[in-house]
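Text of upload.csv, listed as CSV, C-alpha atoms (C1' of nucleotides):
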chain,number,residue,atom,x,y,z
Y,8,MET,CA,28.3,43.9,26.9
Y,9,ASN,CA,27.9,45.5,23.5
Y,10,ASN,CA,29.0,49.0,23.6
Y,11,PHE,CA,28.3,50.1,20.1
Y,12,THR,CA,28.6,53.7,21.1
Y,13,ASP,CA,32.3,53.4,21.8
Y,14,GLU,CA,32.8,51.1,18.8
Y,15,LEU,CA,31.2,53.7,16.5
Y,16,ARG,CA,33.3,56.5,17.9
Y,17,ARG,CA,36.4,54.5,17.5
Y,18,HIS,CA,35.6,54.5,13.8
Y,19,ASN,CA,35.0,58.3,13.8
Y,20,LEU,CA,31.2,57.8,13.6
Y,21,LYS,CA,28.8,59.7,15.8
Y,22,ALA,CA,26.7,57.4,17.9
Y,23,THR,CA,23.2,58.2,16.8
Y,24,PRO,CA,20.2,56.1,17.8
Y,25,GLN,CA,19.8,55.0,14.2
Y,26,ARG,CA,23.4,53.9,14.0
Y,27,LEU,CA,23.1,52.0,17.3
Y,28,ALA,CA,20.1,50.2,15.9
Y,29,ILE,CA,21.9,49.3,12.7
Y,30,SER,CA,24.8,48.0,14.8
Y,31,SER,CA,22.4,45.8,16.8
Y,32,ALA,CA,20.7,44.5,13.7
Y,33,LEU,CA,24.0,43.5,12.1
Y,34,HIS,CA,25.2,42.0,15.4
Y,35,ASN,CA,22.0,40.0,16.0
Y,36,TYR,CA,21.4,38.8,12.5
Y,37,GLY,CA,24.9,38.6,11.2
Y,38,HIS,CA,24.4,39.4,7.6
Y,39,VAL,CA,21.7,41.8,6.4
Y,40,SER,CA,20.7,43.4,3.1
Y,41,ILE,CA,19.7,47.0,2.6
Y,42,ASP,CA,16.0,46.3,2.3
Y,43,THR,CA,15.7,43.9,5.2
Y,44,LEU,CA,17.7,46.3,7.3
Y,45,TYR,CA,15.2,49.1,6.3
Y,46,GLU,CA,12.3,46.9,7.3
Y,47,MET,CA,13.9,46.1,10.6
Y,48,MET,CA,14.6,49.7,11.3
Y,49,LEU,CA,11.0,50.8,10.5
Y,50,GLY,CA,9.9,48.8,13.5
Y,51,GLU,CA,12.0,50.9,15.8
Y,52,PHE,CA,12.0,54.2,13.9
Y,53,ALA,CA,8.6,54.5,12.2
Y,54,SER,CA,9.7,57.5,10.2
Y,55,ILE,CA,13.3,56.6,9.3
Y,56,SER,CA,14.3,57.5,5.8
Y,57,LEU,CA,15.7,55.0,3.4
Y,58,ALA,CA,18.3,57.6,2.5
Y,59,THR,CA,19.5,57.4,6.1
Y,60,ILE,CA,20.1,53.7,5.7
Y,61,TYR,CA,22.1,54.2,2.5
Y,62,LYS,CA,24.1,57.1,3.9
Y,63,ASN,CA,25.0,55.2,7.0
Y,64,ILE,CA,25.9,52.0,5.3
Y,65,ASN,CA,28.2,53.9,3.0
Y,66,ILE,CA,30.0,55.9,5.7
Y,67,MET,CA,30.2,52.8,7.8
Y,68,LEU,CA,31.9,51.0,4.9
Y,69,GLU,CA,34.3,53.9,4.3
Y,70,ASN,CA,35.3,53.9,7.9
Y,71,SER,CA,35.6,50.1,8.0
Y,72,TYR,CA,33.0,49.7,10.7
Y,73,ILE,CA,31.2,47.2,8.5
Y,74,GLN,CA,32.0,45.1,5.5
Y,75,GLU,CA,30.1,44.2,2.4
Y,76,VAL,CA,29.6,40.7,1.2
Y,77,LYS,CA,28.7,40.3,-2.4
Y,78,ILE,CA,26.6,37.2,-2.9
Y,79,PRO,CA,26.4,35.4,-6.3
Y,80,GLN,CA,23.0,35.8,-8.0
Y,81,ASN,CA,21.7,37.7,-4.9
Y,82,LYS,CA,21.7,40.9,-3.0
Y,83,THR,CA,24.7,42.3,-1.2
Y,84,VAL,CA,24.6,41.8,2.6
Y,85,TYR,CA,26.5,43.7,5.3
Y,86,GLU,CA,28.2,42.6,8.5
Y,87,LEU,CA,30.1,44.2,11.4
Y,88,THR,CA,33.8,44.1,10.8
Y,89,LYS,CA,35.5,41.2,12.6
Y,90,SER,CA,38.6,39.1,12.1
Y,91,SER,CA,39.2,37.6,8.6
Y,92,HIS,CA,36.8,34.9,7.6
Y,93,SER,CA,35.0,33.5,4.6
Y,94,HIS,CA,31.3,32.9,3.9
Y,95,LEU,CA,28.9,30.0,3.2
Y,96,VAL,CA,25.8,30.9,1.2
Y,97,CYS,CA,22.9,28.6,0.8
Y,98,VAL,CA,21.6,28.8,-2.8
Y,99,ASP,CA,18.2,27.6,-1.5
Y,100,CYS,CA,17.3,29.7,1.6
Y,101,LYS,CA,19.9,32.4,0.9
Y,102,SER,CA,21.3,32.2,4.4
Y,103,VAL,CA,24.8,33.4,5.0
Y,104,GLU,CA,27.2,32.1,7.7
Y,105,ASP,CA,30.8,32.7,8.6
Y,106,VAL,CA,33.4,30.1,8.2
Y,107,SER,CA,37.0,30.1,9.1
Y,108,VAL,CA,39.2,29.2,6.1
Y,109,ASP,CA,42.9,29.8,5.8
Y,110,VAL,CA,42.7,31.8,2.6
Y,111,ASP,CA,46.0,33.5,3.3
Y,112,GLU,CA,47.9,30.2,3.1
Y,113,ILE,CA,46.8,29.6,-0.5
Y,114,VAL,CA,47.0,33.3,-1.5
Y,115,ASN,CA,50.5,33.6,-0.2
Y,116,LYS,CA,51.8,30.9,-2.5
Y,117,LEU,CA,50.7,33.1,-5.4
Y,118,ASN,CA,52.4,36.2,-4.1
Y,119,LEU,CA,55.8,34.6,-4.6
Y,120,ASP,CA,56.0,34.6,-8.3
Y,121,ASP,CA,53.7,37.5,-8.9
Y,122,THR,CA,54.1,41.3,-8.9
Y,123,PHE,CA,50.5,41.8,-7.8
Y,124,LEU,CA,50.4,43.2,-4.3
Y,125,ILE,CA,47.6,41.5,-2.5
Y,126,SER,CA,45.6,43.4,0.1
Y,127,LYS,CA,42.7,41.0,0.7
Y,128,ALA,CA,40.9,37.9,-0.5
Y,129,ASP,CA,37.2,37.3,-0.5
Y,130,LEU,CA,36.0,33.8,-0.6
Y,131,VAL,CA,32.3,32.9,-1.0
Y,132,ILE,CA,31.3,29.3,-1.0
Y,133,SER,CA,27.9,28.4,-2.4
Y,134,GLY,CA,25.9,25.3,-1.7
Y,135,VAL,CA,23.0,23.8,0.2
Y,136,CYS,CA,22.9,24.3,4.0
Y,137,LYS,CA,21.9,21.6,6.4
Y,138,ASN,CA,18.4,22.9,6.8
Y,139,CYS,CA,17.7,22.8,3.1
Y,140,ASN,CA,18.6,19.2,2.2
H,12,MET,CA,39.2,29.4,-34.8
H,13,ASN,CA,36.5,30.8,-32.6
H,14,ASN,CA,33.2,29.3,-33.6
H,15,PHE,CA,30.9,31.1,-31.3
H,16,THR,CA,27.9,30.1,-33.4
H,17,ASP,CA,28.3,26.5,-32.4
H,18,GLU,CA,29.2,27.3,-28.9
H,19,LEU,CA,26.1,29.4,-28.5
H,20,ARG,CA,23.9,26.6,-29.9
H,21,ARG,CA,25.5,24.1,-27.6
H,22,HIS,CA,24.1,26.2,-24.8
H,23,ASN,CA,20.6,26.4,-26.4
H,24,LEU,CA,21.1,29.9,-27.6
H,25,LYS,CA,20.3,31.2,-31.0
H,26,ALA,CA,23.3,32.5,-32.8
H,27,THR,CA,22.3,36.1,-33.5
H,28,PRO,CA,24.8,38.7,-34.7
H,29,GLN,CA,24.4,40.6,-31.4
H,30,ARG,CA,25.2,37.5,-29.4
H,31,LEU,CA,28.2,36.7,-31.6
H,32,ALA,CA,29.4,40.3,-30.9
H,33,ILE,CA,28.9,39.9,-27.2
H,34,SER,CA,30.9,36.6,-27.4
H,35,SER,CA,33.7,38.3,-29.2
H,36,ALA,CA,33.8,41.2,-26.8
H,37,LEU,CA,34.0,38.9,-23.8
H,38,HIS,CA,36.6,36.7,-25.5
H,39,ASN,CA,38.8,39.7,-26.5
H,40,TYR,CA,38.5,41.7,-23.3
H,41,GLY,CA,38.1,38.9,-20.8
H,42,HIS,CA,36.0,40.7,-18.3
H,43,VAL,CA,33.4,43.3,-19.2
H,44,SER,CA,30.7,45.2,-17.3
H,45,ILE,CA,27.3,45.9,-18.7
H,46,ASP,CA,27.9,49.5,-19.6
H,47,THR,CA,31.3,49.0,-21.2
H,48,LEU,CA,29.8,46.1,-23.2
H,49,TYR,CA,27.0,48.4,-24.3
H,50,GLU,CA,29.5,51.0,-25.4
H,51,MET,CA,31.4,48.4,-27.4
H,52,MET,CA,28.3,47.1,-29.0
H,53,LEU,CA,27.2,50.5,-30.1
H,54,GLY,CA,30.2,50.7,-32.3
H,55,GLU,CA,29.1,47.6,-34.3
H,56,PHE,CA,25.3,48.0,-33.9
H,57,ALA,CA,24.5,51.7,-33.8
H,58,SER,CA,20.9,51.1,-32.8
H,59,ILE,CA,21.3,48.2,-30.4
H,60,SER,CA,19.0,48.5,-27.3
H,61,LEU,CA,20.4,48.4,-23.8
H,62,ALA,CA,17.5,46.0,-23.1
H,63,THR,CA,19.1,43.6,-25.6
H,64,ILE,CA,22.3,43.6,-23.6
H,65,TYR,CA,20.5,42.9,-20.4
H,66,LYS,CA,18.3,40.2,-21.9
H,67,ASN,CA,21.2,38.4,-23.4
H,68,ILE,CA,23.4,38.6,-20.4
H,69,ASN,CA,20.7,37.1,-18.3
H,70,ILE,CA,19.9,34.3,-20.6
H,71,MET,CA,23.5,33.6,-21.2
H,72,LEU,CA,24.0,33.3,-17.4
H,73,GLU,CA,21.0,31.0,-17.1
H,74,ASN,CA,22.4,28.8,-19.7
H,75,SER,CA,25.9,28.9,-18.2
H,76,TYR,CA,27.4,30.3,-21.4
H,77,ILE,CA,28.9,33.1,-19.4
H,78,GLN,CA,29.7,33.7,-15.7
H,79,GLU,CA,29.3,36.8,-13.5
H,80,VAL,CA,32.2,38.0,-11.3
H,81,LYS,CA,31.1,40.3,-8.5
H,82,ILE,CA,33.9,42.8,-7.7
H,83,PRO,CA,34.3,44.4,-4.3
H,84,GLN,CA,33.3,48.1,-4.4
H,85,ASN,CA,32.8,47.9,-8.1
H,86,LYS,CA,30.6,46.9,-11.0
H,87,THR,CA,29.9,43.2,-11.8
H,88,VAL,CA,31.8,42.0,-14.8
H,89,TYR,CA,31.1,39.0,-17.1
H,90,GLU,CA,33.3,36.4,-18.7
H,91,LEU,CA,32.9,33.4,-21.0
H,92,THR,CA,32.5,30.2,-19.1
H,93,LYS,CA,35.8,28.4,-18.8
H,94,SER,CA,37.5,25.9,-16.4
H,95,SER,CA,37.5,26.8,-12.7
H,96,HIS,CA,39.7,29.8,-11.8
H,97,SER,CA,39.9,32.7,-9.4
H,98,HIS,CA,40.3,36.5,-10.0
H,99,LEU,CA,42.8,39.2,-9.3
H,100,VAL,CA,41.3,42.7,-9.2
H,101,CYS,CA,43.4,45.8,-9.1
H,102,VAL,CA,41.8,48.3,-6.7
H,103,ASP,CA,43.5,51.1,-8.6
H,104,CYS,CA,42.9,50.5,-12.4
H,105,LYS,CA,40.0,48.1,-11.7
H,106,SER,CA,41.5,45.5,-14.1
H,107,VAL,CA,40.5,41.9,-13.7
H,108,GLU,CA,42.7,38.9,-14.5
H,109,ASP,CA,42.3,35.2,-14.1
H,110,VAL,CA,44.5,33.3,-11.8
H,111,SER,CA,44.7,29.6,-11.2
H,112,VAL,CA,44.2,28.8,-7.5
H,113,ASP,CA,43.4,25.4,-6.0
H,114,VAL,CA,40.4,26.5,-4.1
H,115,ASP,CA,38.9,23.0,-4.1
H,116,GLU,CA,41.8,21.8,-2.0
H,117,ILE,CA,41.0,24.2,0.9
H,118,VAL,CA,37.3,23.9,0.5
H,119,ASN,CA,37.3,20.1,0.5
H,120,LYS,CA,38.9,20.1,4.0
H,121,LEU,CA,35.8,21.9,5.2
H,122,ASN,CA,33.4,19.5,3.6
H,123,LEU,CA,34.5,16.7,5.9
H,124,ASP,CA,33.1,18.0,9.2
H,125,ASP,CA,30.3,20.0,7.7
H,126,THR,CA,26.8,19.2,6.5
H,127,PHE,CA,26.9,22.0,4.0
H,128,LEU,CA,26.9,20.6,0.4
H,129,ILE,CA,29.3,22.7,-1.5
H,130,SER,CA,28.6,23.5,-5.2
H,131,LYS,CA,31.1,26.2,-6.0
H,132,ALA,CA,33.6,28.6,-4.4
H,133,ASP,CA,34.3,32.1,-5.7
H,134,LEU,CA,37.6,33.7,-4.7
H,135,VAL,CA,38.3,37.3,-5.6
H,136,ILE,CA,41.7,38.7,-4.6
H,137,SER,CA,42.1,42.4,-4.4
H,138,GLY,CA,45.3,44.4,-4.5
H,139,VAL,CA,47.5,46.5,-6.8
H,140,CYS,CA,48.6,45.2,-10.2
H,141,LYS,CA,52.1,45.5,-11.6
H,142,ASN,CA,51.1,48.4,-13.8
H,143,CYS,CA,49.8,50.4,-10.9
H,144,ASN,CA,52.7,50.3,-8.5
G,9,DG,C1',11.0,30.2,-49.9
G,10,DA,C1',7.4,29.7,-46.0
G,11,DT,C1',6.5,29.2,-41.1
G,12,DT,C1',7.1,30.2,-36.4
G,13,DA,C1',9.0,30.8,-32.0
G,14,DA,C1',12.5,33.5,-30.4
G,15,DA,C1',15.1,37.7,-30.4
G,16,DG,C1',15.8,42.7,-31.3
G,17,DG,C1',14.4,47.6,-30.7
G,18,DA,C1',12.0,51.4,-28.6
G,19,DT,C1',10.1,52.9,-24.7
G,20,DA,C1',7.7,52.7,-20.4
G,21,DA,C1',7.8,51.0,-15.8
G,22,DA,C1',9.8,49.6,-11.8
G,23,DG,C1',13.7,49.3,-8.6
G,24,DA,C1',17.8,50.9,-6.5
G,25,DT,C1',20.9,54.6,-5.2
G,26,DT,C1',22.3,59.3,-4.7
G,27,DA,C1',21.7,64.4,-4.3
G,28,DT,C1',19.4,68.5,-2.3
G,29,DA,C1',17.3,71.3,1.0
G,30,DT,C1',15.7,71.8,5.6
G,31,DT,C1',15.2,70.4,10.3
G,32,DT,C1',17.1,68.0,14.2
G,33,DT,C1',20.7,66.5,17.3
G,34,DA,C1',25.3,64.5,19.2
G,35,DA,C1',29.2,66.1,21.2
G,36,DG,C1',32.2,69.4,22.7
G,37,DT,C1',32.5,74.1,25.0
G,38,DT,C1',31.5,77.5,28.0
V,17,DA,C1',23.1,72.5,32.3
V,18,DA,C1',22.4,75.8,28.4
V,19,DC,C1',25.2,77.2,24.0
V,20,DT,C1',27.3,76.3,19.6
V,21,DT,C1',28.1,73.9,15.5
V,22,DA,C1',29.2,70.5,12.4
V,23,DA,C1',27.2,66.4,11.4
V,24,DA,C1',23.1,63.5,10.8
V,25,DA,C1',18.2,62.7,9.9
V,26,DT,C1',14.2,63.4,7.2
V,27,DA,C1',11.5,64.2,3.0
V,28,DT,C1',11.7,64.4,-1.5
V,29,DA,C1',13.5,64.9,-6.0
V,30,DA,C1',16.7,63.3,-9.3
V,31,DT,C1',19.5,59.9,-11.2
V,32,DC,C1',20.9,55.7,-12.4
V,33,DT,C1',20.0,50.5,-13.1
V,34,DT,C1',17.2,46.8,-14.5
V,35,DT,C1',13.0,44.7,-16.1
V,36,DA,C1',8.6,44.6,-18.6
V,37,DT,C1',5.7,45.5,-22.7
V,38,DC,C1',4.6,45.8,-27.4
V,39,DC,C1',5.6,45.6,-31.9
V,40,DT,C1',8.9,44.4,-35.6
V,41,DT,C1',12.5,41.5,-37.4
V,42,DT,C1',14.9,37.2,-38.0
V,43,DA,C1',17.3,32.6,-37.1
V,44,DA,C1',16.3,28.0,-37.5
V,45,DT,C1',13.5,24.3,-39.3
V,46,DC,C1',10.8,22.2,-42.8
Before anything else, please render the file you have as structure tokens.
Amino acid sequence: MNNFTDELRRHNLKATPQRLAISSALHNYGHVSIDTLYEMMLGEFASISLATIYKNINIMLENSYIQEVKIPQNKTVYELTKSSHSHLVCVDCKSVEDVSVDVDEIVNKLNLDDTFLISKADLVISGVCKNCN
Amino acid sequence: MNNFTDELRRHNLKATPQRLAISSALHNYGHVSIDTLYEMMLGEFASISLATIYKNINIMLENSYIQEVKIPQNKTVYELTKSSHSHLVCVDCKSVEDVSVDVDEIVNKLNLDDTFLISKADLVISGVCKNCN
DNA sequence: GATTAAAGGATAAAGATTATATTTTAAGTT
DNA sequence: AACTTAAAATATAATCTTTATCCTTTAATC
């Protein structure tokens, strides 16, 4: 069961119908850009405002309910917050998928001889997915 | 000696004064956003057009003379193309510095049991730099 | 030095994001 | 269950950001 209502409230976000729909869209499609999200939402809320999308994406980011993923040469996509992982991006079809990589292991080696206090590490791997070759 | 003229031509780019200045700016400052680059350039070319900055950044990217670095929560910066490396970004002062990380090592492990053909891997490490803590 | 395709500059156009004002509503309270 | 209120949604304007267009200038070749 996906109780997005509770999950939203846990992040200090009111559970509005629009936010529940955004949650479902991110859950079902994994990684979605602002404009495809807007298109999706228009199906369910014919009169939704694009400003609503932006405002919600921004507050959801602030409250760590979602995460942004910046894609090389392409639009930023958003995903529901989950345990640490990296991303595979197809340069052909632009699809994004999660992949488990032990980034911490590599990053921790650096930390030893460095005064930089690491908080996170974002790894985006580009290439051609199995459907595109 | 920094012969940006030859380096530009090697990438099929005409060596104009504006492009030489962009080259110097990236070389001297390492990582620069569009608008700070524009401000820098205005010092040298009082009447330079912002469109010139954009057009040059785009063609320099296409010809791999420069690389983009997408920063979490912040503006994209650009750097001269050099050997593979990762980036440290300070969430406080926003400074960006290069760091040598053996990303290939980790990424190659994935390649084995995956049909995804990897072409590159971008790693951006966020945290607080030594000047900011 | 002459030729020409490419680049620069000025500005308009298009796209993306944020701000403002008003209406609506989720969530807590009575 | 209706009442209250701060927050959210909507519509739209305003503000960036980026690209396109048109005309002028120039780097590179001969």
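Residue nearest Thr23 in chain Y within the list Y:Asn63, Y:Leu95, Y:Ala58, Y:Ile41: Y:Asn63 [criterion: smallest interatomic distance, only C-alpha atoms].
Put simply, CA of Val39 in chain Y is 20.2 Å away from CA of Lys86 in chain H.
Residues in contact with DA13 in chain G at 12 Å, where only C-alpha atoms (C1' of nucleotides) are counted and same-chain residues fewer than 5 positions away are skipped, are listed as Lys25 of chain H; DT42, DA43, DA44 and DT45 of chain V.
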Which chain Y residues have any atom within 12 Å of an atom of chain G, and for each, what is the nearest pair of atoms with distance in Å to one decimal, counting all atoms listed in the file, rows sorted by chain and number, as a Markdown table?
| residue | atom | partner | partner_atom | distance |
| --- | --- | --- | --- | --- |
| Y:Thr12 | CA | G:DA34 | C1' | 11.5 |
| Y:Arg16 | CA | G:DA35 | C1' | 10.9 |
| Y:Leu20 | CA | G:DA34 | C1' | 10.5 |
| Y:Lys21 | CA | G:DA34 | C1' | 6.8 |
| Y:Ala22 | CA | G:DA34 | C1' | 7.4 |
| Y:Thr23 | CA | G:DA34 | C1' | 7.1 |
| Y:Pro24 | CA | G:DA34 | C1' | 9.9 |
| Y:Gln25 | CA | G:DT33 | C1' | 11.9 |
| Y:Arg26 | CA | G:DA34 | C1' | 12.0 |
| Y:Ile41 | CA | G:DA24 | C1' | 10.1 |
| Y:Asp42 | CA | G:DA24 | C1' | 10.1 |
| Y:Leu57 | CA | G:DT25 | C1' | 10.1 |
| Y:Ala58 | CA | G:DT26 | C1' | 8.4 |
| Y:Thr59 | CA | G:DT26 | C1' | 11.3 |
| Y:Ile60 | CA | G:DT25 | C1' | 11.0 |
| Y:Tyr61 | CA | G:DT25 | C1' | 7.8 |
| Y:Lys62 | CA | G:DT26 | C1' | 9.1 |
| Y:Ile64 | CA | G:DT25 | C1' | 11.9 |
| Y:Asn65 | CA | G:DT25 | C1' | 11.0 |
| Y:Lys82 | CA | G:DA24 | C1' | 11.3 |
Quick one: which chain V residues come within 9 Å of chain Y, and what is the nearest atom pair for each with the distance in Å to one decimal, counting all atoms listed in the file, rows ordered by chain and ascending number, as a Markdown table?
| residue | atom | partner | partner_atom | distance |
| --- | --- | --- | --- | --- |
| V:DA23 | C1' | Y:Lys21 | CA | 8.2 |
| V:DA24 | C1' | Y:Thr23 | CA | 8.0 |
| V:DA25 | C1' | Y:Thr59 | CA | 6.6 |
| V:DT26 | C1' | Y:Ser56 | CA | 6.1 |
| V:DA27 | C1' | Y:Ser56 | CA | 7.8 |
TODO: To one decimal in Å, tell me the separation between CA of Lys101 in chain Y and CA of Lys105 in chain H.
DONE: 28.4 Å
Each residue of chain H lying at most 10 Å from chain Y should get a row with its shortest atom-to-atom pair and the distance in Å to one decimal, counting only C-alpha atoms; could you produce that, ordered by chain and increasing number, as JSON lines?
{"residue": "H:Leu72", "atom": "CA", "partner": "Y:Gln80", "partner_atom": "CA", "distance": 9.8}
{"residue": "H:Glu79", "atom": "CA", "partner": "Y:Pro79", "partner_atom": "CA", "distance": 7.9}
{"residue": "H:Val80", "atom": "CA", "partner": "Y:Pro79", "partner_atom": "CA", "distance": 8.1}
{"residue": "H:Lys81", "atom": "CA", "partner": "Y:Lys77", "partner_atom": "CA", "distance": 6.6}
{"residue": "H:Ile82", "atom": "CA", "partner": "Y:Lys77", "partner_atom": "CA", "distance": 7.8}
{"residue": "H:Pro83", "atom": "CA", "partner": "Y:Lys77", "partner_atom": "CA", "distance": 7.2}
{"residue": "H:Gln84", "atom": "CA", "partner": "Y:Glu75", "partner_atom": "CA", "distance": 8.5}
{"residue": "H:Thr87", "atom": "CA", "partner": "Y:Lys77", "partner_atom": "CA", "distance": 9.9}
{"residue": "H:Ser97", "atom": "CA", "partner": "Y:Leu130", "partner_atom": "CA", "distance": 9.7}
{"residue": "H:His98", "atom": "CA", "partner": "Y:Ala128", "partner_atom": "CA", "distance": 9.6}
{"residue": "H:Leu99", "atom": "CA", "partner": "Y:Phe123", "partner_atom": "CA", "distance": 8.3}
{"residue": "H:Val100", "atom": "CA", "partner": "Y:Ile125", "partner_atom": "CA", "distance": 9.3}
{"residue": "H:Cys101", "atom": "CA", "partner": "Y:Phe123", "partner_atom": "CA", "distance": 8.3}
{"residue": "H:Val102", "atom": "CA", "partner": "Y:Ser126", "partner_atom": "CA", "distance": 9.2}
{"residue": "H:Val110", "atom": "CA", "partner": "Y:Leu117", "partner_atom": "CA", "distance": 8.9}
{"residue": "H:Ser111", "atom": "CA", "partner": "Y:Leu117", "partner_atom": "CA", "distance": 9.0}
{"residue": "H:Val112", "atom": "CA", "partner": "Y:Ile113", "partner_atom": "CA", "distance": 7.5}
{"residue": "H:Asp113", "atom": "CA", "partner": "Y:Ile113", "partner_atom": "CA", "distance": 7.7}
{"residue": "H:Val114", "atom": "CA", "partner": "Y:Ile113", "partner_atom": "CA", "distance": 8.0}
{"residue": "H:Glu116", "atom": "CA", "partner": "Y:Ile113", "partner_atom": "CA", "distance": 9.4}
{"residue": "H:Ile117", "atom": "CA", "partner": "Y:Val108", "partner_atom": "CA", "distance": 7.4}
{"residue": "H:Val118", "atom": "CA", "partner": "Y:Val108", "partner_atom": "CA", "distance": 7.9}
{"residue": "H:Lys120", "atom": "CA", "partner": "Y:Val108", "partner_atom": "CA", "distance": 9.3}
{"residue": "H:Leu121", "atom": "CA", "partner": "Y:Val108", "partner_atom": "CA", "distance": 8.1}
{"residue": "H:Asp125", "atom": "CA", "partner": "Y:Lys137", "partner_atom": "CA", "distance": 8.6}
{"residue": "H:Thr126", "atom": "CA", "partner": "Y:Lys137", "partner_atom": "CA", "distance": 5.5}
{"residue": "H:Phe127", "atom": "CA", "partner": "Y:Cys136", "partner_atom": "CA", "distance": 4.6}
{"residue": "H:Leu128", "atom": "CA", "partner": "Y:Val135", "partner_atom": "CA", "distance": 5.0}
{"residue": "H:Ile129", "atom": "CA", "partner": "Y:Gly134", "partner_atom": "CA", "distance": 4.3}
{"residue": "H:Ser130", "atom": "CA", "partner": "Y:Gly134", "partner_atom": "CA", "distance": 4.8}
{"residue": "H:Lys131", "atom": "CA", "partner": "Y:Ser133", "partner_atom": "CA", "distance": 5.3}
{"residue": "H:Ala132", "atom": "CA", "partner": "Y:Ile132", "partner_atom": "CA", "distance": 4.2}
{"residue": "H:Asp133", "atom": "CA", "partner": "Y:Val131", "partner_atom": "CA", "distance": 5.2}
{"residue": "H:Leu134", "atom": "CA", "partner": "Y:Leu130", "partner_atom": "CA", "distance": 4.4}
{"residue": "H:Val135", "atom": "CA", "partner": "Y:Asp129", "partner_atom": "CA", "distance": 5.2}
{"residue": "H:Ile136", "atom": "CA", "partner": "Y:Ala128", "partner_atom": "CA", "distance": 4.3}
{"residue": "H:Ser137", "atom": "CA", "partner": "Y:Lys127", "partner_atom": "CA", "distance": 5.3}
{"residue": "H:Gly138", "atom": "CA", "partner": "Y:Ile125", "partner_atom": "CA", "distance": 4.2}
{"residue": "H:Val139", "atom": "CA", "partner": "Y:Leu124", "partner_atom": "CA", "distance": 5.1}
{"residue": "H:Cys140", "atom": "CA", "partner": "Y:Phe123", "partner_atom": "CA", "distance": 4.6}
{"residue": "H:Lys141", "atom": "CA", "partner": "Y:Thr122", "partner_atom": "CA", "distance": 5.4}
{"residue": "H:Asn142", "atom": "CA", "partner": "Y:Phe123", "partner_atom": "CA", "distance": 8.9}
{"residue": "H:Cys143", "atom": "CA", "partner": "Y:Phe123", "partner_atom": "CA", "distance": 9.2}
{"residue": "H:Asn144", "atom": "CA", "partner": "Y:Leu124", "partner_atom": "CA", "distance": 8.6}
TODO: State, in Å with one decimal place, the distance from CA of Gln78 in chain H to CA of Asp111 in chain Y.
DONE: 25.0 Å
Writing N, CA, C and O atoms and nothing else, produce range 43-52 of chain Y as a PDB file, in the first residue's frame.
ATOM      1  N   THR Y  43       6.973  17.134 -18.268  1.00  0.00           N
ATOM      2  CA  THR Y  43       6.205  15.890 -18.424  1.00  0.00           C
ATOM      3  C   THR Y  43       5.291  15.705 -17.216  1.00  0.00           C
ATOM      4  O   THR Y  43       4.179  15.206 -17.349  1.00  0.00           O
ATOM      5  N   LEU Y  44       5.753  16.148 -16.064  1.00  0.00           N
ATOM      6  CA  LEU Y  44       4.894  16.070 -14.877  1.00  0.00           C
ATOM      7  C   LEU Y  44       3.647  16.935 -15.083  1.00  0.00           C
ATOM      8  O   LEU Y  44       2.526  16.518 -14.780  1.00  0.00           O
ATOM      9  N   TYR Y  45       3.861  18.108 -15.633  1.00  0.00           N
ATOM     10  CA  TYR Y  45       2.739  19.017 -15.899  1.00  0.00           C
ATOM     11  C   TYR Y  45       1.730  18.374 -16.855  1.00  0.00           C
ATOM     12  O   TYR Y  45       0.528  18.401 -16.623  1.00  0.00           O
ATOM     13  N   GLU Y  46       2.250  17.758 -17.900  1.00  0.00           N
ATOM     14  CA  GLU Y  46       1.378  17.088 -18.867  1.00  0.00           C
ATOM     15  C   GLU Y  46       0.575  15.967 -18.203  1.00  0.00           C
ATOM     16  O   GLU Y  46      -0.623  15.827 -18.426  1.00  0.00           O
ATOM     17  N   MET Y  47       1.276  15.181 -17.402  1.00  0.00           N
ATOM     18  CA  MET Y  47       0.600  14.092 -16.688  1.00  0.00           C
ATOM     19  C   MET Y  47      -0.521  14.650 -15.810  1.00  0.00           C
ATOM     20  O   MET Y  47      -1.627  14.124 -15.787  1.00  0.00           O
ATOM     21  N   MET Y  48      -0.213  15.692 -15.082  1.00  0.00           N
ATOM     22  CA  MET Y  48      -1.164  16.255 -14.134  1.00  0.00           C
ATOM     23  C   MET Y  48      -2.387  16.837 -14.829  1.00  0.00           C
ATOM     24  O   MET Y  48      -3.493  16.798 -14.289  1.00  0.00           O
ATOM     25  N   LEU Y  49      -2.177  17.369 -16.020  1.00  0.00           N
ATOM     26  CA  LEU Y  49      -3.297  17.949 -16.757  1.00  0.00           C
ATOM     27  C   LEU Y  49      -4.373  16.908 -17.041  1.00  0.00           C
ATOM     28  O   LEU Y  49      -5.558  17.240 -17.140  1.00  0.00           O
ATOM     29  N   GLY Y  50      -3.972  15.656 -17.167  1.00  0.00           N
ATOM     30  CA  GLY Y  50      -4.955  14.602 -17.388  1.00  0.00           C
ATOM     31  C   GLY Y  50      -5.913  14.476 -16.212  1.00  0.00           C
ATOM     32  O   GLY Y  50      -7.115  14.284 -16.391  1.00  0.00           O
ATOM     33  N   GLU Y  51      -5.351  14.642 -15.028  1.00  0.00           N
ATOM     34  CA  GLU Y  51      -6.143  14.443 -13.815  1.00  0.00           C
ATOM     35  C   GLU Y  51      -6.783  15.742 -13.316  1.00  0.00           C
ATOM     36  O   GLU Y  51      -7.896  15.735 -12.778  1.00  0.00           O
ATOM     37  N   PHE Y  52      -6.057  16.838 -13.508  1.00  0.00           N
ATOM     38  CA  PHE Y  52      -6.538  18.148 -13.054  1.00  0.00           C
ATOM     39  C   PHE Y  52      -6.491  19.104 -14.237  1.00  0.00           C
ATOM     40  O   PHE Y  52      -5.479  19.766 -14.469  1.00  0.00           O
TER      41      PHE Y  52
END
